[in-house]
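Inspection log for the structure reproduced underneath, given as structure tokens.
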Amino acid sequence: MAENISKQFGDFTALNNVSITIPKGSIFGLLGPNGAGKTTFIRIINQITMPDLGRVILDGSPLHPDDVRKIGYLPEERGLYKSMKVGEQALYLARLKGLSKAEAKEQLNYWFTKLGMTGWWDKKIQELSKGMAQKVQFVITVLHRPKLLIFDEPFSGFDPVNADIIKNEILKLRDEGATILFSTHRMESVEELCDYMALIHQSNKLLDGKVDDIKRKYKSNTFEVGLTSVDENLLLNELQEKFKIGNANFKSITDDLKVSIQLKPEESANDLLQYLISKAQVNHFVEVIPSVNDIFIKTVTKNA
Amino acid sequence: MRNLKLIIHREYLARVRNKTFVVMTFLSPLILVGMIFLVAYLSSLNTSAVHTIAVNDQSKLFENEFQDSETLRFINLSGIPLEDAKLIVEEKEYSGLLFIPEKDSNVEMAKSVMFYGKESPALGILQEIERVITDKLTTRELISRGVDISKIESAETQVSIQIQNFEGQRTSKMSNYIKMFFGGAAGYLLMMFIIIYGNMVMRSVIEEKTNRIIEIIISSVKPMQLMLGKILGTSLAGLTQFAIWVVLGGILITVAASVSGLNLVSPPPMAQEGMDQMMSGEIQQLIVDVTNLPLGTLLVSFLIYFIGGYFLYSAIYAAIGAAVDSETDTQQFMIPIILPLMLGIYVGFFSVIENPHGSISTIFSMIPLTSPIVMLMRIPFGVPWWELAVSIILLIVTNAGVLWLAAKIYRVGILMYGKKPTYRELYKWLKY
């Protein structure tokens, strides 16, 4: 959807020839350390800033000024008018997105009822707690039923209960057909929610694709095993001769030998298992799948 | 367009509903009228106090010259030594002692008159005394040189020059004062409006920045739209406030005047005397003068310059608001606003009134940053249409340019947090 985006601020290059495709109806995680260019990329999609080079394509056609109506954006730096009433400013912001007054009211009633906010209509933002204000911001973002939802660090500042409510709402919106773009440097949420991801570091895209594919690519054919045998030292020596051995940390109820074994690419898990069974009792056998966090750190440090 | 209307609507309501705004709107006329009455009351107190001045006249020339007036009372202490007179004055707490020594020549006498007092006397009192002495001594000197006083008196004439322009309209000196008043009032009003409501625009921009709502809004509307909406909404709120002030102020003055019995509308006694001295024809002339003012041009150009000037400065105010994080950081950027405004007012009050068509007045009525104020002050004196046209075109062109530049700074500035920008940085933003 975004092709060869470049953006410079004076001498500083914020984005260098970045292309990212976000499949329709998916949750897409945009990862990167602070200052990588995530927010600039998102602002370009929102037409807040214009790219120096490249273009954004939405639903097969280049981005048009009116497309802001199809996009809902929850920025990282977010707030509301402090002295304006909740209902009034939600109506105002929804109408700026092109909704009529009646439509906006109807949607607002729907969401307020759904999230238990019905009594808030006449309250001012300064009377609400931070978490409540964030709920209002979320409602304002989704009020006009956008096809593309963009959340920049959506969970920062949410307490666990509300974060969970919001997370479930985001998943529901995806199921109803919305495409969701997530920008974050919190890996757990990507792990939990995202179908696709891309990693931006120092203005360049380092990798992108399906989260599962990326994980497959980054796995090192390593297995964690827990073994019980008569002579554990003898077994350890034998394993060290035959394989590349590392330490492993996992919880188990039996007091056994815990190791991680890295196989060569041509060796398979079955071979290893057969070998182990012949030597000892296998209590634990798990393939090590790299977490998004591991991939992130690995990629970023490799390119540093 | 739809969004612009929404923004204007919101900005207007946000301003008008603001508590400070409401309080100011209804309290200001009260305070202003109160102040007027306080000043009127105080000055009536002040003038009603009678100053007693003792005169120790050694020359015996001035025995009948000093006439008591409403505020001045003279007591003759002549015939006793100066030191004794001083003691008496001190004891009786008179305002002062005037000492006129005996001298051979009038010129020497004029130089040696002394005034003794605890405090230095009011300027008006001194001038009155000086006038009396000067008159007397001049007359004496003239007589001593053999001049016939009665001839001089009969030769004195009162001059009031009649002015007529080439179209045959008769004007008087008074009409110049009227022109000054109209022009000055219009220019001053514009300056106040710019400062008050320009600041409001700026604060509203800063508010959106500190509330962090700005990014949510500009994901829906163009920054330029938001800026324009803000300026328009605030100016509408300003006009509302002005209208309320005019109505409320009018009512209050009428009510207060009728209650207190003070008649503020009629001119003070001094002016009344002046009016009496004028020929009755001149009063008629005055009315003709007002109606002879280029009222149509005045009104139309007032609207044009008012809108043009306000937009020009509001755009700059908005850009400043976008560039900074808090109101305290705005100081360094205020000079480019305050300086031309002040310059406009000063040029207006000194140069234009002195010489409405001089080169300084003409130049400053062309420069767009000062033209709204200076030209408004010049218009009542009659400005050639081509000068007006050039000035207005320059103003409109500059307006477009400044709005464009301000929009660029605004666009970048509203998304910048935590940096105190410099002029150099602002220049860089223009190129983003």
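To be explicit about the labels: the chains of the structure tokens are called A, B, and onward in the order shown, and within each one the residues are counted from 1, while ligands get numbers from 1 in the order they are shown.
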>> Please find the residues of chain A near chain B - the criterion being any atom within 8 Å, counting only C-alpha atoms - and write them as a ChimeraX atom specification.
In response: /A:9-10,46-48,68-69,73-75,77-82,84,92-93,95-97
Could you save the residues just selected, with N, CA and C atoms, as a PDB file, in the first residue's frame?
ATOM      1  N   PHE A   9      13.736  15.796   6.533  1.00  0.00           N
ATOM      2  CA  PHE A   9      13.531  17.058   7.236  1.00  0.00           C
ATOM      3  C   PHE A   9      14.868  17.767   7.237  1.00  0.00           C
ATOM      4  N   GLY A  10      15.034  18.698   6.340  1.00  0.00           N
ATOM      5  CA  GLY A  10      16.331  19.367   6.243  1.00  0.00           C
ATOM      6  C   GLY A  10      17.389  18.351   5.880  1.00  0.00           C
ATOM      7  N   ASN A  46      -1.642   9.440   6.967  1.00  0.00           N
ATOM      8  CA  ASN A  46      -2.733  10.310   7.383  1.00  0.00           C
ATOM      9  C   ASN A  46      -2.766  11.633   6.638  1.00  0.00           C
ATOM     10  N   GLN A  47      -1.836  11.822   5.727  1.00  0.00           N
ATOM     11  CA  GLN A  47      -1.717  13.066   4.954  1.00  0.00           C
ATOM     12  C   GLN A  47      -1.460  14.270   5.836  1.00  0.00           C
ATOM     13  N   ILE A  48      -0.861  14.023   6.983  1.00  0.00           N
ATOM     14  CA  ILE A  48      -0.471  15.162   7.815  1.00  0.00           C
ATOM     15  C   ILE A  48       0.817  15.756   7.264  1.00  0.00           C
ATOM     16  N   VAL A  68      -9.280  10.820   4.242  1.00  0.00           N
ATOM     17  CA  VAL A  68      -9.149  10.926   5.698  1.00  0.00           C
ATOM     18  C   VAL A  68     -10.391  10.363   6.383  1.00  0.00           C
ATOM     19  N   ARG A  69     -11.512  10.384   5.667  1.00  0.00           N
ATOM     20  CA  ARG A  69     -12.746   9.854   6.267  1.00  0.00           C
ATOM     21  C   ARG A  69     -12.695   8.347   6.451  1.00  0.00           C
ATOM     22  N   TYR A  73      -7.427   7.570  13.286  1.00  0.00           N
ATOM     23  CA  TYR A  73      -6.046   7.686  13.749  1.00  0.00           C
ATOM     24  C   TYR A  73      -6.007   8.030  15.232  1.00  0.00           C
ATOM     25  N   LEU A  74      -5.312   7.214  15.981  1.00  0.00           N
ATOM     26  CA  LEU A  74      -5.092   7.495  17.401  1.00  0.00           C
ATOM     27  C   LEU A  74      -3.604   7.790  17.572  1.00  0.00           C
ATOM     28  N   PRO A  75      -3.233   9.064  17.628  1.00  0.00           N
ATOM     29  CA  PRO A  75      -1.807   9.398  17.665  1.00  0.00           C
ATOM     30  C   PRO A  75      -1.168   9.052  19.004  1.00  0.00           C
ATOM     31  N   GLU A  77       0.899  11.129  20.619  1.00  0.00           N
ATOM     32  CA  GLU A  77       0.700  12.349  21.400  1.00  0.00           C
ATOM     33  C   GLU A  77      -0.766  12.700  21.286  1.00  0.00           C
ATOM     34  N   ARG A  78      -1.567  12.292  22.258  1.00  0.00           N
ATOM     35  CA  ARG A  78      -2.997  12.512  22.092  1.00  0.00           C
ATOM     36  C   ARG A  78      -3.587  13.183  23.313  1.00  0.00           C
ATOM     37  N   GLY A  79      -4.634  13.912  23.073  1.00  0.00           N
ATOM     38  CA  GLY A  79      -5.328  14.592  24.153  1.00  0.00           C
ATOM     39  C   GLY A  79      -6.621  15.136  23.610  1.00  0.00           C
ATOM     40  N   LEU A  80      -7.366  15.797  24.465  1.00  0.00           N
ATOM     41  CA  LEU A  80      -8.635  16.376  24.041  1.00  0.00           C
ATOM     42  C   LEU A  80      -8.736  17.766  24.645  1.00  0.00           C
ATOM     43  N   TYR A  81      -9.694  18.538  24.149  1.00  0.00           N
ATOM     44  CA  TYR A  81      -9.931  19.853  24.739  1.00  0.00           C
ATOM     45  C   TYR A  81     -10.330  19.658  26.192  1.00  0.00           C
ATOM     46  N   LYS A  82      -9.582  20.301  27.092  1.00  0.00           N
ATOM     47  CA  LYS A  82      -9.813  20.068  28.516  1.00  0.00           C
ATOM     48  C   LYS A  82     -11.152  20.622  28.982  1.00  0.00           C
ATOM     49  N   MET A  84     -13.890  21.250  27.237  1.00  0.00           N
ATOM     50  CA  MET A  84     -15.061  20.986  26.410  1.00  0.00           C
ATOM     51  C   MET A  84     -15.735  19.704  26.902  1.00  0.00           C
ATOM     52  N   TYR A  92     -18.084  16.934  17.551  1.00  0.00           N
ATOM     53  CA  TYR A  92     -17.319  17.854  16.716  1.00  0.00           C
ATOM     54  C   TYR A  92     -16.288  17.091  15.887  1.00  0.00           C
ATOM     55  N   LEU A  93     -15.528  16.213  16.549  1.00  0.00           N
ATOM     56  CA  LEU A  93     -14.463  15.497  15.848  1.00  0.00           C
ATOM     57  C   LEU A  93     -15.042  14.513  14.838  1.00  0.00           C
ATOM     58  N   ARG A  95     -17.869  14.930  13.257  1.00  0.00           N
ATOM     59  CA  ARG A  95     -18.391  15.707  12.128  1.00  0.00           C
ATOM     60  C   ARG A  95     -17.251  16.202  11.245  1.00  0.00           C
ATOM     61  N   LEU A  96     -16.092  16.463  11.845  1.00  0.00           N
ATOM     62  CA  LEU A  96     -14.934  16.836  11.023  1.00  0.00           C
ATOM     63  C   LEU A  96     -14.546  15.684  10.101  1.00  0.00           C
ATOM     64  N   LYS A  97     -14.845  14.472  10.528  1.00  0.00           N
ATOM     65  CA  LYS A  97     -14.547  13.302   9.694  1.00  0.00           C
ATOM     66  C   LYS A  97     -15.630  13.054   8.658  1.00  0.00           C
TER      67      LYS A  97
END
>> Env of Leu273 in chain A: 10 Å cut, atoms = only C-alpha atoms, seq-sep filter 6 positions within chain, self excluded. Answer as a PyMOL selection string.
In response: chain A and resi 225+279+282+285
Selection to disk with C-alpha atoms, as an mmCIF file, in the first residue's frame:
data_model
loop_
_atom_site.group_PDB
_atom_site.id
_atom_site.type_symbol
_atom_site.label_atom_id
_atom_site.label_comp_id
_atom_site.auth_asym_id
_atom_site.auth_seq_id
_atom_site.Cartn_x
_atom_site.Cartn_y
_atom_site.Cartn_z
ATOM 1 C CA VAL A 225 15.132 -30.770 26.293
ATOM 2 C CA LYS A 279 19.975 -42.557 25.828
ATOM 3 C CA VAL A 282 12.739 -37.475 27.758
ATOM 4 C CA PHE A 285 11.062 -31.481 24.292
#
>> Write out as a PyMOL selection string the set of residues from range 67-300 of chain A that DSSP, computed on the backbone, places in alpha helix (DSSP H).
In response: chain A and resi 86-96+101-114+130-142+160-175+187-193+211-218+232-242+269-279+292-300
Atoms kept (C-alpha atoms) for selection, written as an mmCIF file, in the first residue's frame:
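Written out: part_25.cif:
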data_model
loop_
_atom_site.group_PDB
_atom_site.id
_atom_site.type_symbol
_atom_site.label_atom_id
_atom_site.label_comp_id
_atom_site.auth_asym_id
_atom_site.auth_seq_id
_atom_site.Cartn_x
_atom_site.Cartn_y
_atom_site.Cartn_z
ATOM 1 C CA VAL A 86 -17.102 14.875 26.226
ATOM 2 C CA GLY A 87 -20.199 14.510 24.057
ATOM 3 C CA GLU A 88 -19.727 17.860 22.389
ATOM 4 C CA GLN A 89 -16.171 17.292 21.369
ATOM 5 C CA ALA A 90 -16.807 13.741 20.231
ATOM 6 C CA LEU A 91 -19.578 15.095 18.011
ATOM 7 C CA TYR A 92 -17.319 17.854 16.716
ATOM 8 C CA LEU A 93 -14.463 15.497 15.848
ATOM 9 C CA ALA A 94 -16.819 12.978 14.246
ATOM 10 C CA ARG A 95 -18.391 15.707 12.128
ATOM 11 C CA LEU A 96 -14.934 16.836 11.023
ATOM 12 C CA LYS A 101 -24.834 15.298 13.332
ATOM 13 C CA ALA A 102 -27.483 12.586 13.556
ATOM 14 C CA GLU A 103 -25.112 9.816 12.420
ATOM 15 C CA ALA A 104 -22.463 10.966 14.851
ATOM 16 C CA LYS A 105 -24.957 10.979 17.703
ATOM 17 C CA GLU A 106 -26.185 7.508 16.868
ATOM 18 C CA GLN A 107 -22.670 6.059 16.706
ATOM 19 C CA LEU A 108 -21.689 7.828 19.875
ATOM 20 C CA ASN A 109 -24.668 6.417 21.751
ATOM 21 C CA TYR A 110 -23.782 2.945 20.475
ATOM 22 C CA TRP A 111 -20.188 3.112 21.662
ATOM 23 C CA PHE A 112 -20.935 4.862 24.933
ATOM 24 C CA THR A 113 -23.455 2.176 25.816
ATOM 25 C CA LYS A 114 -21.108 -0.569 24.721
ATOM 26 C CA LYS A 130 -6.522 9.560 32.405
ATOM 27 C CA GLY A 131 -7.783 6.082 31.619
ATOM 28 C CA MET A 132 -11.321 7.395 31.065
ATOM 29 C CA ALA A 133 -10.024 10.085 28.738
ATOM 30 C CA GLN A 134 -8.177 7.438 26.754
ATOM 31 C CA LYS A 135 -11.374 5.459 26.381
ATOM 32 C CA VAL A 136 -13.030 8.562 24.960
ATOM 33 C CA GLN A 137 -10.137 8.971 22.539
ATOM 34 C CA PHE A 138 -10.511 5.394 21.403
ATOM 35 C CA VAL A 139 -14.221 5.879 20.770
ATOM 36 C CA ILE A 140 -13.498 9.053 18.797
ATOM 37 C CA THR A 141 -11.006 7.153 16.658
ATOM 38 C CA VAL A 142 -13.445 4.418 15.675
ATOM 39 C CA PRO A 160 -4.620 -3.620 32.425
ATOM 40 C CA VAL A 161 -8.419 -3.832 32.630
ATOM 41 C CA ASN A 162 -9.040 -1.123 30.078
ATOM 42 C CA ALA A 163 -6.154 -2.294 27.899
ATOM 43 C CA ASP A 164 -7.880 -5.666 27.695
ATOM 44 C CA ILE A 165 -11.232 -4.097 26.781
ATOM 45 C CA ILE A 166 -9.577 -2.044 24.046
ATOM 46 C CA LYS A 167 -7.629 -5.051 22.781
ATOM 47 C CA ASN A 168 -10.820 -7.058 22.410
ATOM 48 C CA GLU A 169 -12.541 -4.175 20.634
ATOM 49 C CA ILE A 170 -9.626 -3.932 18.203
ATOM 50 C CA LEU A 171 -9.879 -7.657 17.448
ATOM 51 C CA LYS A 172 -13.630 -7.313 16.917
ATOM 52 C CA LEU A 173 -13.091 -4.432 14.518
ATOM 53 C CA ARG A 174 -10.663 -6.580 12.557
ATOM 54 C CA ASP A 175 -13.238 -9.343 12.372
ATOM 55 C CA MET A 187 6.698 -6.496 21.511
ATOM 56 C CA GLU A 188 4.170 -8.419 23.619
ATOM 57 C CA SER A 189 1.259 -6.680 21.949
ATOM 58 C CA VAL A 190 2.635 -7.516 18.502
ATOM 59 C CA GLU A 191 3.061 -11.129 19.540
ATOM 60 C CA GLU A 192 -0.508 -11.235 20.783
ATOM 61 C CA LEU A 193 -2.341 -9.320 18.099
ATOM 62 C CA VAL A 211 4.675 -12.791 11.731
ATOM 63 C CA ASP A 212 4.732 -16.614 11.493
ATOM 64 C CA ASP A 213 6.912 -16.569 8.357
ATOM 65 C CA ILE A 214 9.390 -14.227 9.973
ATOM 66 C CA LYS A 215 9.568 -16.407 13.037
ATOM 67 C CA ARG A 216 10.163 -19.469 10.889
ATOM 68 C CA LYS A 217 12.932 -17.643 9.117
ATOM 69 C CA TYR A 218 14.566 -16.625 12.348
ATOM 70 C CA GLU A 232 23.799 -37.215 33.980
ATOM 71 C CA ASN A 233 27.435 -36.139 33.618
ATOM 72 C CA LEU A 234 28.196 -38.967 31.229
ATOM 73 C CA LEU A 235 25.149 -38.088 29.179
ATOM 74 C CA LEU A 236 26.119 -34.410 29.084
ATOM 75 C CA ASN A 237 29.593 -35.267 27.806
ATOM 76 C CA GLU A 238 28.164 -37.485 25.120
ATOM 77 C CA LEU A 239 25.762 -34.752 24.005
ATOM 78 C CA GLN A 240 28.517 -32.157 23.968
ATOM 79 C CA GLU A 241 30.550 -34.297 21.607
ATOM 80 C CA LYS A 242 27.704 -34.859 19.213
ATOM 81 C CA ALA A 269 13.834 -33.038 15.165
ATOM 82 C CA ASN A 270 12.887 -36.698 14.785
ATOM 83 C CA ASP A 271 16.533 -37.761 14.495
ATOM 84 C CA LEU A 272 17.338 -35.928 17.689
ATOM 85 C CA LEU A 273 14.364 -37.367 19.501
ATOM 86 C CA GLN A 274 15.219 -40.909 18.465
ATOM 87 C CA TYR A 275 18.765 -40.446 19.626
ATOM 88 C CA LEU A 276 17.669 -39.008 22.970
ATOM 89 C CA ILE A 277 15.141 -41.747 23.619
ATOM 90 C CA SER A 278 17.863 -44.297 23.188
ATOM 91 C CA LYS A 279 19.975 -42.557 25.828
ATOM 92 C CA VAL A 292 9.340 -10.941 18.268
ATOM 93 C CA ASN A 293 11.440 -9.320 20.927
ATOM 94 C CA ASP A 294 14.401 -11.573 20.078
ATOM 95 C CA ILE A 295 13.996 -10.884 16.375
ATOM 96 C CA PHE A 296 13.761 -7.180 17.040
ATOM 97 C CA ILE A 297 16.903 -7.028 19.157
ATOM 98 C CA LYS A 298 18.788 -9.335 16.824
ATOM 99 C CA THR A 299 17.928 -7.344 13.703
ATOM 100 C CA VAL A 300 18.518 -3.964 15.251
#
Would you list, as a PDB file with C-alpha atoms, in the first residue's frame, the residues of range 51-182 of chain B that end up in strand (DSSP E or B) under DSSP run on this structure's backbone?
ATOM      1  CA  HIS B  51      -5.379  77.977  46.835  1.00  0.00           C
ATOM      2  CA  THR B  52      -4.519  81.003  48.883  1.00  0.00           C
ATOM      3  CA  ILE B  53      -1.479  82.929  47.814  1.00  0.00           C
ATOM      4  CA  ALA B  54      -0.034  85.822  49.734  1.00  0.00           C
ATOM      5  CA  VAL B  55       1.465  88.684  47.756  1.00  0.00           C
ATOM      6  CA  ASN B  56       4.315  90.727  49.148  1.00  0.00           C
ATOM      7  CA  ASP B  57       4.538  93.511  46.622  1.00  0.00           C
ATOM      8  CA  LEU B  72      -7.225  81.170  43.514  1.00  0.00           C
ATOM      9  CA  ARG B  73      -7.424  83.674  46.361  1.00  0.00           C
ATOM     10  CA  PHE B  74      -4.873  86.419  46.776  1.00  0.00           C
ATOM     11  CA  ILE B  75      -4.063  88.048  50.102  1.00  0.00           C
ATOM     12  CA  ASN B  76      -2.165  91.266  50.205  1.00  0.00           C
ATOM     13  CA  GLY B  96       2.681  80.190  48.817  1.00  0.00           C
ATOM     14  CA  LEU B  97       4.108  83.652  48.917  1.00  0.00           C
ATOM     15  CA  LEU B  98       4.704  85.772  45.844  1.00  0.00           C
ATOM     16  CA  PHE B  99       7.504  88.319  46.312  1.00  0.00           C
ATOM     17  CA  ILE B 100       7.801  91.274  43.931  1.00  0.00           C
ATOM     18  CA  MET B 114      10.150  85.081  43.506  1.00  0.00           C
ATOM     19  CA  PHE B 115       7.670  82.480  44.651  1.00  0.00           C
ATOM     20  CA  TYR B 116       8.124  80.904  48.103  1.00  0.00           C
ATOM     21  CA  ILE B 163     -10.563  76.935   4.918  1.00  0.00           C
ATOM     22  CA  GLN B 164     -12.078  75.937   1.625  1.00  0.00           C
ATOM     23  CA  ARG B 170     -16.010  75.153   3.360  1.00  0.00           C
ATOM     24  CA  THR B 171     -14.237  73.774   6.377  1.00  0.00           C
TER      25      THR B 171
END
> If we count only C-alpha atoms, what is near Glu76 in chain A at a cut-off of 8 Å, once residues fewer than 4 positions away on the same chain are taken out, given as a PyMOL selection string?
Replying inline: chain A and resi 151-154
For the residues in that selection, give me C-alpha atoms as a JSON list (two decimals), in the first residue's frame.
[["chain", "number", "residue", "atom", "x", "y", "z"],
["A", 151, "PHE", "CA", -3.00, 3.14, 16.47],
["A", 152, "ASP", "CA", 0.26, 4.69, 17.59],
["A", 153, "GLU", "CA", 1.27, 3.12, 20.91],
["A", 154, "PRO", "CA", -2.37, 2.43, 21.78]]
>> Give me the residues near range 385-401 of chain B as a ChimeraX atom specification, where near means some atom within 10 Å (using only C-alpha atoms) and where sequence neighbours in that chain fewer than 2 positions away do not count.
In response: /B:297,301,304-305,308-313,315,362-372,375,379,382-383,403-407
So that I have them on file, write out the residues from the current selection with C-alpha atoms, as an mmCIF file, in the first residue's frame.
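Heads up, here's the output in part-v7.cif:
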data_model
loop_
_atom_site.group_PDB
_atom_site.id
_atom_site.type_symbol
_atom_site.label_atom_id
_atom_site.label_comp_id
_atom_site.auth_asym_id
_atom_site.auth_seq_id
_atom_site.Cartn_x
_atom_site.Cartn_y
_atom_site.Cartn_z
ATOM 1 C CA THR B 297 -15.002 55.932 1.883
ATOM 2 C CA SER B 301 -11.916 51.479 3.919
ATOM 3 C CA ILE B 304 -11.080 46.691 4.440
ATOM 4 C CA TYR B 305 -8.196 47.811 6.631
ATOM 5 C CA GLY B 308 -6.823 43.124 6.312
ATOM 6 C CA GLY B 309 -4.837 44.309 9.304
ATOM 7 C CA TYR B 310 -6.443 41.841 11.680
ATOM 8 C CA PHE B 311 -5.827 38.910 9.343
ATOM 9 C CA LEU B 312 -2.229 39.894 8.747
ATOM 10 C CA TYR B 313 -1.383 40.059 12.419
ATOM 11 C CA ALA B 315 -1.701 34.879 11.009
ATOM 12 C CA THR B 362 2.437 58.517 2.801
ATOM 13 C CA ILE B 363 5.197 55.920 3.050
ATOM 14 C CA PHE B 364 3.878 54.384 6.247
ATOM 15 C CA SER B 365 0.367 54.267 4.828
ATOM 16 C CA MET B 366 1.783 52.061 2.068
ATOM 17 C CA ILE B 367 3.838 49.617 4.147
ATOM 18 C CA PRO B 368 1.377 46.775 4.827
ATOM 19 C CA LEU B 369 2.316 46.224 8.475
ATOM 20 C CA THR B 370 1.568 49.838 9.382
ATOM 21 C CA SER B 371 -0.806 50.824 6.584
ATOM 22 C CA PRO B 372 -4.033 49.702 8.277
ATOM 23 C CA MET B 375 -4.071 54.956 6.397
ATOM 24 C CA ILE B 379 -8.408 58.892 5.201
ATOM 25 C CA GLY B 382 -8.779 62.981 2.031
ATOM 26 C CA VAL B 383 -6.432 60.565 0.288
ATOM 27 C CA LEU B 403 -0.878 33.719 5.465
ATOM 28 C CA TRP B 404 1.044 31.295 3.264
ATOM 29 C CA LEU B 405 4.234 31.628 5.300
ATOM 30 C CA ALA B 406 2.364 31.465 8.591
ATOM 31 C CA ALA B 407 0.542 28.341 7.414
#
